Each structure stands twice: as C-alpha cells, then as structure tokens.
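Source file: run_22.cif; contents: mmCIF, C-alpha atoms and all ligand atoms.
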```cif
data_entry
loop_
_atom_site.label_atom_id
_atom_site.label_comp_id
_atom_site.auth_asym_id
_atom_site.auth_seq_id
_atom_site.Cartn_x
_atom_site.Cartn_y
_atom_site.Cartn_z
CA MET A 1 74.80 62.13 83.85
CA GLU A 2 72.14 61.67 86.47
CA VAL A 3 73.22 59.61 89.48
CA ILE A 4 70.60 57.84 91.63
CA ILE A 5 71.92 56.31 94.83
CA VAL A 6 69.85 53.48 96.31
CA LYS A 7 70.13 51.13 99.28
CA ASP A 8 70.90 47.87 97.53
CA ASN A 9 70.50 45.83 94.35
CA GLN A 10 66.85 45.08 95.13
CA GLU A 11 66.00 48.79 95.22
CA ALA A 12 68.12 49.37 92.11
CA GLY A 13 65.96 46.77 90.35
CA THR A 14 62.78 48.53 91.42
CA VAL A 15 63.99 51.96 90.30
CA ALA A 16 65.31 50.65 86.97
CA ALA A 17 62.13 48.65 86.27
CA ASN A 18 59.99 51.71 87.04
CA ILE A 19 61.95 53.79 84.52
CA ILE A 20 61.75 51.04 81.88
CA ALA A 21 58.00 50.54 82.49
CA GLU A 22 57.42 54.28 82.14
CA ARG A 23 59.26 54.33 78.80
CA ILE A 24 57.28 51.31 77.54
CA LYS A 25 54.01 53.06 78.43
CA GLN A 26 55.15 56.22 76.63
CA ASN A 27 56.21 54.19 73.59
CA PRO A 28 54.69 50.69 73.33
CA LYS A 29 56.93 49.97 70.31
CA ILE A 30 60.11 50.89 72.16
CA VAL A 31 63.44 49.31 71.17
CA LEU A 32 65.25 48.21 74.33
CA GLY A 33 68.91 47.28 74.64
CA LEU A 34 69.33 44.63 77.33
CA ALA A 35 72.15 43.28 79.50
CA THR A 36 72.76 39.99 81.27
CA GLY A 37 74.82 39.23 84.40
CA SER A 38 73.83 39.19 88.06
CA THR A 39 73.06 42.91 88.32
CA PRO A 40 69.86 43.22 86.22
CA ILE A 41 68.15 40.09 87.57
CA THR A 42 66.11 42.08 90.12
CA THR A 43 65.16 44.53 87.37
CA TYR A 44 63.87 41.67 85.23
CA GLN A 45 62.02 40.13 88.19
CA THR A 46 60.26 43.44 88.78
CA LEU A 47 59.40 43.78 85.09
CA VAL A 48 57.93 40.25 85.10
CA LYS A 49 55.76 41.25 88.06
CA LYS A 50 54.63 44.40 86.29
CA CYS A 51 53.62 42.33 83.27
CA GLN A 52 51.83 39.62 85.24
CA GLU A 53 50.18 41.80 87.89
CA ASP A 54 49.79 45.21 86.25
CA ASN A 55 49.45 44.12 82.60
CA LEU A 56 52.52 46.02 81.44
CA ASP A 57 52.43 45.23 77.72
CA PHE A 58 55.62 43.96 76.05
CA SER A 59 53.86 42.61 72.95
CA ARG A 60 55.08 45.30 70.56
CA ILE A 61 58.57 45.99 71.89
CA THR A 62 61.83 44.93 70.26
CA THR A 63 64.97 44.02 72.20
CA PHE A 64 68.66 43.77 71.35
CA ASN A 65 71.03 42.20 73.85
CA LEU A 66 74.54 43.49 74.28
CA ASP A 67 76.51 40.30 73.95
CA GLU A 68 76.83 36.54 73.73
CA TYR A 69 79.65 34.14 74.47
CA LYS A 70 81.50 32.86 71.42
CA GLY A 71 80.87 29.18 70.77
CA LEU A 72 77.78 28.72 72.97
CA LEU A 73 74.58 27.53 71.34
CA PRO A 74 71.38 29.37 72.38
CA THR A 75 70.35 26.19 74.19
CA HIS A 76 73.48 26.14 76.38
CA GLU A 77 72.54 26.90 79.98
CA GLN A 78 75.21 29.58 80.25
CA SER A 79 74.37 31.25 76.94
CA TYR A 80 72.89 34.69 77.21
CA ARG A 81 69.90 33.63 75.09
CA TYR A 82 69.15 30.99 77.72
CA PHE A 83 69.62 33.59 80.49
CA MET A 84 67.21 36.04 78.84
CA ASN A 85 64.55 33.37 78.28
CA GLN A 86 64.85 32.16 81.87
CA ASN A 87 64.95 35.57 83.54
CA LEU A 88 62.61 37.61 81.36
CA PHE A 89 61.30 36.52 77.97
CA ASP A 90 59.59 33.28 79.09
CA HIS A 91 57.55 35.18 81.68
CA ILE A 92 56.27 38.20 79.76
CA ASN A 93 54.05 38.68 76.72
CA ILE A 94 56.93 39.48 74.37
CA ASN A 95 57.10 38.33 70.75
CA LYS A 96 60.30 36.26 70.86
CA ALA A 97 60.83 36.86 67.14
CA GLN A 98 61.45 40.47 68.12
CA THR A 99 64.19 39.61 70.63
CA PHE A 100 67.71 39.72 69.21
CA ILE A 101 70.96 38.48 70.70
CA PRO A 102 74.26 38.36 68.78
CA SER A 103 74.99 34.85 67.55
CA GLY A 104 77.88 33.18 69.31
CA ILE A 105 78.07 30.62 66.52
CA ASP A 106 77.61 32.45 63.21
CA LEU A 107 80.50 34.89 63.34
CA GLN A 108 80.63 35.83 59.64
CA ASP A 109 79.65 39.47 59.87
CA PRO A 110 79.14 40.72 63.45
CA GLU A 111 78.63 44.33 62.29
CA GLN A 112 75.41 43.19 60.64
CA TYR A 113 73.99 43.38 64.18
CA ASP A 114 74.50 47.16 64.17
CA ASN A 115 72.66 47.32 60.84
CA SER A 116 69.77 45.37 62.35
CA ILE A 117 69.62 47.82 65.26
CA GLU A 118 69.62 50.72 62.84
CA SER A 119 66.87 49.13 60.72
CA ALA A 120 64.75 48.79 63.86
CA GLY A 121 65.09 52.56 64.36
CA GLY A 122 67.98 52.46 66.86
CA ILE A 123 67.92 51.65 70.55
CA ASP A 124 65.64 53.95 72.55
CA LEU A 125 66.80 52.80 75.98
CA GLN A 126 69.94 50.78 76.66
CA LEU A 127 70.26 48.94 79.97
CA LEU A 128 73.86 48.32 81.08
CA GLY A 129 75.73 46.59 83.86
CA LEU A 130 79.32 47.44 84.72
CA GLY A 131 82.39 45.23 84.88
CA VAL A 132 84.77 45.45 87.82
CA ASN A 133 87.37 46.63 85.30
CA GLY A 134 85.01 49.22 83.80
CA HIS A 135 83.82 47.16 80.84
CA VAL A 136 80.38 47.80 79.38
CA GLY A 137 79.05 45.05 77.17
CA PHE A 138 82.21 43.02 76.79
CA ASN A 139 84.27 46.03 75.76
CA GLU A 140 87.34 45.46 77.86
CA PRO A 141 89.94 48.12 78.79
CA GLY A 142 91.78 49.27 75.67
CA THR A 143 88.76 48.86 73.34
CA SER A 144 88.42 51.71 70.85
CA PHE A 145 85.65 54.19 71.57
CA ASP A 146 84.76 53.78 67.85
CA SER A 147 84.12 50.04 68.14
CA LYS A 148 81.06 48.43 66.59
CA THR A 149 79.73 44.90 67.20
CA ALA A 150 82.68 42.50 67.01
CA VAL A 151 84.21 39.29 68.27
CA VAL A 152 86.20 40.33 71.33
CA ASP A 153 88.72 38.76 73.70
CA LEU A 154 87.64 38.70 77.33
CA ALA A 155 90.03 40.10 79.93
CA GLN A 156 91.58 37.59 82.32
CA SER A 157 89.66 39.18 85.21
CA THR A 158 86.36 38.76 83.31
CA ILE A 159 87.14 35.12 82.53
CA SER A 160 87.93 34.49 86.21
CA SER A 161 84.77 36.27 87.34
CA ASN A 162 82.60 34.31 84.83
CA SER A 163 84.16 31.00 85.85
CA ARG A 164 81.70 30.84 88.78
CA PHE A 165 79.00 29.87 86.31
CA PHE A 166 80.87 26.94 84.71
CA SER A 167 81.82 23.60 86.24
CA THR A 168 85.34 23.41 84.80
CA LYS A 169 87.90 26.08 83.92
CA GLU A 170 88.19 24.73 80.36
CA GLU A 171 84.51 25.45 79.67
CA VAL A 172 84.75 29.17 80.46
CA PRO A 173 84.58 31.12 77.18
CA THR A 174 87.55 33.38 76.47
CA GLN A 175 85.82 35.30 73.68
CA ALA A 176 82.42 36.85 73.10
CA VAL A 177 80.49 38.82 70.49
CA SER A 178 79.71 42.23 71.87
CA MET A 179 78.10 45.43 70.72
CA GLY A 180 80.87 48.02 70.53
CA LEU A 181 81.21 51.25 72.46
CA ALA A 182 80.05 53.27 69.45
CA SER A 183 77.04 50.93 69.13
CA ILE A 184 76.17 51.58 72.80
CA MET A 185 76.71 55.34 72.55
CA ASN A 186 74.18 55.44 69.67
CA ALA A 187 71.38 54.59 72.10
CA LYS A 188 69.06 57.55 72.72
CA GLU A 189 69.03 56.91 76.47
CA ILE A 190 71.27 54.83 78.73
CA LEU A 191 70.46 53.31 82.10
CA LEU A 192 73.39 51.71 83.91
CA ILE A 193 73.12 49.76 87.15
CA ALA A 194 76.08 48.95 89.40
CA THR A 195 75.86 47.53 92.89
CA GLY A 196 78.36 46.19 95.41
CA SER A 197 81.71 47.41 96.69
CA ASN A 198 83.62 45.55 93.96
CA LYS A 199 82.14 48.05 91.46
CA ALA A 200 83.21 51.16 93.41
CA GLU A 201 86.44 51.79 91.50
CA ALA A 202 84.73 51.39 88.11
CA VAL A 203 81.90 53.69 89.24
CA TYR A 204 84.48 56.31 90.22
CA HIS A 205 85.99 56.18 86.71
CA LEU A 206 82.52 56.18 85.16
CA VAL A 207 81.45 59.37 86.95
CA LYS A 208 84.57 61.30 87.85
CA GLY A 209 87.52 59.74 86.03
CA LYS A 210 89.31 60.94 82.93
CA VAL A 211 87.63 59.80 79.70
CA THR A 212 90.03 57.09 78.60
CA GLU A 213 89.88 53.81 76.70
CA GLN A 214 91.54 52.23 79.75
CA TRP A 215 88.18 52.66 81.52
CA PRO A 216 85.62 51.91 78.77
CA CYS A 217 82.70 53.07 80.97
CA SER A 218 84.17 56.60 81.08
CA ILE A 219 82.88 57.21 77.51
CA LEU A 220 79.38 57.45 79.00
CA GLN A 221 80.34 60.89 80.37
CA LYS A 222 79.99 62.03 76.74
CA HIS A 223 76.44 60.69 76.40
CA SER A 224 73.78 63.36 76.85
CA ASN A 225 71.06 61.18 78.38
CA THR A 226 72.56 58.73 80.84
CA THR A 227 71.23 57.74 84.26
CA ILE A 228 73.19 55.52 86.60
CA ILE A 229 71.60 53.66 89.50
CA ILE A 230 74.16 52.64 92.10
CA ASP A 231 73.96 51.41 95.66
CA LYS A 232 75.85 52.99 98.56
CA LYS A 233 78.65 50.44 98.33
CA ALA A 234 79.25 51.09 94.63
CA ALA A 235 79.08 54.84 95.34
CA SER A 236 81.59 54.71 98.18
CA LEU A 237 84.51 56.26 96.27
CA LEU A 238 82.42 59.14 94.87
CA GLU A 239 81.88 60.77 98.22
CA LYS A 240 85.55 61.00 99.13
C1 LIG B 1 76.40 41.51 80.29
C2 LIG B 1 77.45 42.50 80.10
C3 LIG B 1 78.49 42.76 81.12
C4 LIG B 1 77.96 42.79 82.54
C5 LIG B 1 79.10 43.04 83.53
C6 LIG B 1 78.64 43.02 84.97
O1 LIG B 1 75.53 41.46 79.19
O2 LIG B 1 77.48 43.07 79.06
O3 LIG B 1 79.10 44.01 80.82
O4 LIG B 1 77.01 43.79 82.67
O5 LIG B 1 80.10 42.07 83.36
O6 LIG B 1 78.23 41.72 85.31
P1 LIG B 1 77.49 41.43 86.69
O7 LIG B 1 76.18 42.10 86.62
O8 LIG B 1 77.35 39.92 86.72
O9 LIG B 1 78.37 41.96 87.76
#
```
Render the structure in this file as structure tokens.
Amino acid sequence: MEVIIVKDNQEAGTVAANIIAERIKQNPKIVLGLATGSTPITTYQTLVKKCQEDNLDFSRITTFNLDEYKGLLPTHEQSYRYFMNQNLFDHININKAQTFIPSGIDLQDPEQYDNSIESAGGIDLQLLGLGVNGHVGFNEPGTSFDSKTAVVDLAQSTISSNSRFFSTKEEVPTQAVSMGLASIMNAKEILLIATGSNKAEAVYHLVKGKVTEQWPCSILQKHSNTTIIIDKKAASLLEK
C-alpha cells in the first residue's frame, strides 16, 4: 500500500485527480469506480477543470458508482445519481449512458451489478472514501470480506453522519445498495482518499491494524495495488 500524505483535502483532490487523469490518458476507455460523499468533491472539481481547460477526454470512459441509498429516486436531491450529475457528469464530456449507479428502487437482483462490472471488463481504477467507522462503500463493520453488491443496513453512526444532508430525521435512509468488499477488491487499482481528524482512527486500522471484518477498510491491506491519499490530520495516529 502506497501512502501519500498531503496538506489538506484540496491538495488530496489535486493529487487524486492527477492520478486519475494520467490513467485516463493511458487508457481512454478506462472503467472507473467512483465514490460520493464530501471527500471526493475537490477531486471531481479538479477533473472538471482538466476537462474544460485541458481537454481531458471522458467521452469513452465507463463509470460504476459504489452505492446508492435505498428508496431514493435518481431525481432526489440527496440521491447519489443526483450528486454525481451535479459534481461531475454534468460538467464533463462523458456519455451518461456509460455511467452506472446501483438502483435504489429496483432491488430485485443487486448482484446483477457485479455482472455488469464484469461485462465491462472489470474496474480499472476504484476511487474510495472512508467512513469514520472504517466502512468502504457502505460496507459497515461486520460485513463479510466475501460480500458482493447487496442491500445493506447502515450503521447508526453512518445514519447520524448522513443526517446533515436531510431536513428531518425521518427522511434519512437507513439502508443502501452497495458494492460489496469482494466487488471492491476485484478492482485492478484502488485509490482511497481520507481527510480530517475524524478519519484518523479508521486510517490507522486501514494501514496498520489487524485485518478484521470489524474494520472493513483493513481488507485493502490484501490488495496489491492500493494508494491512499491522506492529509496530516487523518495520518495523525500513524506516526505515533
Ligand atoms: C460514498 C461511500 C462512503 C463514503 C464515506 C465517507 O459513495 O461509499 O463510503 O466514502 O462514508 O464519506 P465522506 O467523504 O462524506 O466523509
């Protein structure tokens, strides 16, 4: 696991976007795995700039997002489809038909999502954020390392943390559809970003902890091509 320590989230976004842009140039038909949340917003802003100012070409890429809230329509302002359109897809020359996000509504056969990823040739580069409790995607502590895409229950801490985006407590989704840990581990390359002191404990378990299903992120120690970009605050427990 390669660890890159940066100053703050802004710099993390620049470093991550540079890596992603490099990979797109090497392989214009790359399959990217994408994340939502606060962390990758600066990465997406930098990618938008690269498209608009430097003509970085997204026209032939394919994307698969990690997760979607159960019960939210793509048009809902807190859905991850809405987030991706707002933060990235609406501002770059991507073919939206080639952007995939698990459906939060049609829950018949979530594992079909893994088949779609496989049919597209697998994920070349997976971008990840990190939950305070060590979740990646919405794979909460206790999730099997063998998990594939599934409907999952969100941990109480995740529900509380997500409540900042909803006006009432009742609206906050308690379930999501998420790619599983095995789905994520299938990616050829992984790029995880974590910034802020509230991520320090999870980062410790990600890099130095025992590999255990209690800290889902720890499975990434077993991936042969993972880079993590963390700021000094998120790295604070590594140095001790
Ligand atoms: C989002 C996702 C989550 C987030 C994590 C961190 O698609 O899968 O694992 O990456 O909850 O969220 P932020 O970046 O808001 O701290």
ask   = What do you get as a VMD selection string if you pick all residues at most 10 Å from ligand LIG 1 (chain B), counting all atoms listed in the file?
value = chain A and resid 33 to 41 65 to 69 80 83 to 84 127 to 140 158 to 159 161 to 162 176 178 to 179 192 to 196 198 to 199 217
Kindly save the residues from that selection, with C-alpha atoms included, as a PDB file, in the coordinates of the input.
```
ATOM      1  CA  GLY A  33      68.910  47.280  74.640  1.00  0.00           C
ATOM      2  CA  LEU A  34      69.330  44.630  77.330  1.00  0.00           C
ATOM      3  CA  ALA A  35      72.150  43.280  79.500  1.00  0.00           C
ATOM      4  CA  THR A  36      72.760  39.990  81.270  1.00  0.00           C
ATOM      5  CA  GLY A  37      74.820  39.230  84.400  1.00  0.00           C
ATOM      6  CA  SER A  38      73.830  39.190  88.060  1.00  0.00           C
ATOM      7  CA  THR A  39      73.060  42.910  88.320  1.00  0.00           C
ATOM      8  CA  PRO A  40      69.860  43.220  86.220  1.00  0.00           C
ATOM      9  CA  ILE A  41      68.150  40.090  87.570  1.00  0.00           C
ATOM     10  CA  ASN A  65      71.030  42.200  73.850  1.00  0.00           C
ATOM     11  CA  LEU A  66      74.540  43.490  74.280  1.00  0.00           C
ATOM     12  CA  ASP A  67      76.510  40.300  73.950  1.00  0.00           C
ATOM     13  CA  GLU A  68      76.830  36.540  73.730  1.00  0.00           C
ATOM     14  CA  TYR A  69      79.650  34.140  74.470  1.00  0.00           C
ATOM     15  CA  TYR A  80      72.890  34.690  77.210  1.00  0.00           C
ATOM     16  CA  PHE A  83      69.620  33.590  80.490  1.00  0.00           C
ATOM     17  CA  MET A  84      67.210  36.040  78.840  1.00  0.00           C
ATOM     18  CA  LEU A 127      70.260  48.940  79.970  1.00  0.00           C
ATOM     19  CA  LEU A 128      73.860  48.320  81.080  1.00  0.00           C
ATOM     20  CA  GLY A 129      75.730  46.590  83.860  1.00  0.00           C
ATOM     21  CA  LEU A 130      79.320  47.440  84.720  1.00  0.00           C
ATOM     22  CA  GLY A 131      82.390  45.230  84.880  1.00  0.00           C
ATOM     23  CA  VAL A 132      84.770  45.450  87.820  1.00  0.00           C
ATOM     24  CA  ASN A 133      87.370  46.630  85.300  1.00  0.00           C
ATOM     25  CA  GLY A 134      85.010  49.220  83.800  1.00  0.00           C
ATOM     26  CA  HIS A 135      83.820  47.160  80.840  1.00  0.00           C
ATOM     27  CA  VAL A 136      80.380  47.800  79.380  1.00  0.00           C
ATOM     28  CA  GLY A 137      79.050  45.050  77.170  1.00  0.00           C
ATOM     29  CA  PHE A 138      82.210  43.020  76.790  1.00  0.00           C
ATOM     30  CA  ASN A 139      84.270  46.030  75.760  1.00  0.00           C
ATOM     31  CA  GLU A 140      87.340  45.460  77.860  1.00  0.00           C
ATOM     32  CA  THR A 158      86.360  38.760  83.310  1.00  0.00           C
ATOM     33  CA  ILE A 159      87.140  35.120  82.530  1.00  0.00           C
ATOM     34  CA  SER A 161      84.770  36.270  87.340  1.00  0.00           C
ATOM     35  CA  ASN A 162      82.600  34.310  84.830  1.00  0.00           C
ATOM     36  CA  ALA A 176      82.420  36.850  73.100  1.00  0.00           C
ATOM     37  CA  SER A 178      79.710  42.230  71.870  1.00  0.00           C
ATOM     38  CA  MET A 179      78.100  45.430  70.720  1.00  0.00           C
ATOM     39  CA  LEU A 192      73.390  51.710  83.910  1.00  0.00           C
ATOM     40  CA  ILE A 193      73.120  49.760  87.150  1.00  0.00           C
ATOM     41  CA  ALA A 194      76.080  48.950  89.400  1.00  0.00           C
ATOM     42  CA  THR A 195      75.860  47.530  92.890  1.00  0.00           C
ATOM     43  CA  GLY A 196      78.360  46.190  95.410  1.00  0.00           C
ATOM     44  CA  ASN A 198      83.620  45.550  93.960  1.00  0.00           C
ATOM     45  CA  LYS A 199      82.140  48.050  91.460  1.00  0.00           C
ATOM     46  CA  CYS A 217      82.700  53.070  80.970  1.00  0.00           C
TER      47      CYS A 217
END
```
message = I want to know what sits within 12 Å of stretch 58-62 of chain A, based on all atoms listed in the file, with residues of the same chain fewer than 3 positions away left out; could you give that as JSON, numbers by chain?
response = {"A": [20, 21, 23, 24, 25, 26, 27, 28, 29, 30, 31, 32, 33, 34, 47, 48, 50, 51, 52, 54, 55, 65, 88, 89, 90, 91, 92, 93, 94, 95, 96, 97, 98, 99, 100, 101, 116, 117, 119, 120, 121, 122, 123, 124, 125, 126]}
task = Take the point (87.6, 31.4, 74.6) in the file's coordinates, draw a sphere of radius 8 Å around it, and report as a ChimeraX atom specification every protein, DNA or RNA residue with an atom inside or on it, counting all atoms listed in the file.
result = /A:70,153-154,172-176
ask   = Got a sec: who's within 10 Å of A:Ser224, counting all atoms listed in the file, leaving out chain neighbours fewer than 3 positions off, as a list of chain:residue names?
value = A:Met1, A:Glu2, A:Met185, A:Lys188, A:Glu189, A:Ile190, A:Leu220, A:Gln221, A:Thr227
query = Quick one: of A:Ala235, A:Leu72, A:Val151, A:Ile228, who's nearest to A:Asp109, counting only C-alpha atoms?
reply = A:Val151
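Compared by their closest atoms to A:Ile230, and using only C-alpha atoms, the residues A:Asn18, A:Lys148, A:Ala202, A:Gln86 rank with A:Ala202 nearest.
Taking atom CA of A:Gly180 and atom CA of A:Ser144 as the two end points, the separation is 8.4 Å.
Note that atom CA of A:Ile105 and atom CA of A:Leu73 are 6.7 Å apart.
Taking atom CA of A:Ala150 and atom CA of A:Asp106 as endpoints, the distance between them is 11.9 Å.
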request  = Could you check which of A:Ile5, A:Thr43, A:Thr14, A:Gln78 is closest to A:Glu239, using only C-alpha atoms?
outcome  = A:Ile5
request  = Counting only C-alpha atoms, find the residues whose atoms lie at most 12 Å from (94.9, 57.8, 75.9) (file coordinates) and write them out as a PyMOL selection string.
outcome  = chain A and resi 141-145+210-216+218
Edge lengths and centre in Å, axis-aligned, stretch 112-130 of chain A plus 8 Å each side, as JSON:
```
{"center_x": 72.0, "center_y": 48.6, "center_z": 72.7, "size_x": 30.6, "size_y": 26.8, "size_z": 40.1}
```
key: From A:Glu171, A:Glu11, A:Asp146, A:Glu201, residue lying nearest A:Ile219 [only C-alpha atoms]   = A:Asp146
Please export stretch 76-129 of chain A as a PDB file, in the first residue's frame, restricted to C-alpha atoms.
```pdb
ATOM      1  CA  HIS A  76     -33.954  13.075  -5.408  1.00  0.00           C
ATOM      2  CA  GLU A  77     -31.504  15.801  -4.421  1.00  0.00           C
ATOM      3  CA  GLN A  78     -29.773  13.515  -1.933  1.00  0.00           C
ATOM      4  CA  SER A  79     -29.530  10.543  -4.287  1.00  0.00           C
ATOM      5  CA  TYR A  80     -26.055   9.644  -5.382  1.00  0.00           C
ATOM      6  CA  ARG A  81     -27.105   9.849  -9.050  1.00  0.00           C
ATOM      7  CA  TYR A  82     -28.051  13.474  -8.423  1.00  0.00           C
ATOM      8  CA  PHE A  83     -24.741  14.050  -6.602  1.00  0.00           C
ATOM      9  CA  MET A  84     -22.702  12.602  -9.466  1.00  0.00           C
ATOM     10  CA  ASN A  85     -24.548  14.647 -12.097  1.00  0.00           C
ATOM     11  CA  GLN A  86     -24.123  17.836 -10.065  1.00  0.00           C
ATOM     12  CA  ASN A  87     -20.491  17.332  -9.096  1.00  0.00           C
ATOM     13  CA  LEU A  88     -19.055  15.656 -12.184  1.00  0.00           C
ATOM     14  CA  PHE A  89     -21.110  14.213 -15.014  1.00  0.00           C
ATOM     15  CA  ASP A  90     -22.976  17.411 -15.988  1.00  0.00           C
ATOM     16  CA  HIS A  91     -19.685  19.272 -16.440  1.00  0.00           C
ATOM     17  CA  ILE A  92     -17.561  16.841 -18.458  1.00  0.00           C
ATOM     18  CA  ASN A  93     -17.874  15.252 -21.892  1.00  0.00           C
ATOM     19  CA  ILE A  94     -18.949  11.869 -20.561  1.00  0.00           C
ATOM     20  CA  ASN A  95     -21.543   9.652 -22.236  1.00  0.00           C
ATOM     21  CA  LYS A  96     -24.122   9.417 -19.441  1.00  0.00           C
ATOM     22  CA  ALA A  97     -25.347   6.096 -20.826  1.00  0.00           C
ATOM     23  CA  GLN A  98     -21.969   4.745 -19.741  1.00  0.00           C
ATOM     24  CA  THR A  99     -22.353   5.908 -16.127  1.00  0.00           C
ATOM     25  CA  PHE A 100     -23.797   3.291 -13.791  1.00  0.00           C
ATOM     26  CA  ILE A 101     -25.075   3.654 -10.244  1.00  0.00           C
ATOM     27  CA  PRO A 102     -26.870   0.867  -8.344  1.00  0.00           C
ATOM     28  CA  SER A 103     -30.626   1.402  -8.383  1.00  0.00           C
ATOM     29  CA  GLY A 104     -32.068   2.345  -5.022  1.00  0.00           C
ATOM     30  CA  ILE A 105     -35.531   1.446  -6.292  1.00  0.00           C
ATOM     31  CA  ASP A 106     -35.251  -1.767  -8.310  1.00  0.00           C
ATOM     32  CA  LEU A 107     -33.848  -4.132  -5.703  1.00  0.00           C
ATOM     33  CA  GLN A 108     -34.667  -7.441  -7.423  1.00  0.00           C
ATOM     34  CA  ASP A 109     -31.165  -8.684  -8.103  1.00  0.00           C
ATOM     35  CA  PRO A 110     -28.412  -6.401  -6.739  1.00  0.00           C
ATOM     36  CA  GLU A 111     -25.653  -8.881  -7.704  1.00  0.00           C
ATOM     37  CA  GLN A 112     -26.505  -8.180 -11.341  1.00  0.00           C
ATOM     38  CA  TYR A 113     -24.446  -5.007 -10.795  1.00  0.00           C
ATOM     39  CA  ASP A 114     -21.322  -7.138 -10.310  1.00  0.00           C
ATOM     40  CA  ASN A 115     -22.129  -8.940 -13.565  1.00  0.00           C
ATOM     41  CA  SER A 116     -22.402  -5.594 -15.342  1.00  0.00           C
ATOM     42  CA  ILE A 117     -18.996  -4.575 -13.985  1.00  0.00           C
ATOM     43  CA  GLU A 118     -17.533  -7.858 -15.148  1.00  0.00           C
ATOM     44  CA  SER A 119     -19.095  -7.483 -18.611  1.00  0.00           C
ATOM     45  CA  ALA A 120     -17.483  -4.051 -18.887  1.00  0.00           C
ATOM     46  CA  GLY A 121     -14.099  -5.722 -18.287  1.00  0.00           C
ATOM     47  CA  GLY A 122     -13.869  -5.015 -14.539  1.00  0.00           C
ATOM     48  CA  ILE A 123     -12.964  -1.806 -12.755  1.00  0.00           C
ATOM     49  CA  ASP A 124      -9.524  -0.487 -13.705  1.00  0.00           C
ATOM     50  CA  LEU A 125      -9.344   2.183 -11.004  1.00  0.00           C
ATOM     51  CA  GLN A 126     -11.624   2.374  -7.967  1.00  0.00           C
ATOM     52  CA  LEU A 127     -11.870   5.654  -6.068  1.00  0.00           C
ATOM     53  CA  LEU A 128     -12.875   5.270  -2.411  1.00  0.00           C
ATOM     54  CA  GLY A 129     -13.661   7.446   0.575  1.00  0.00           C
TER      55      GLY A 129
END
```
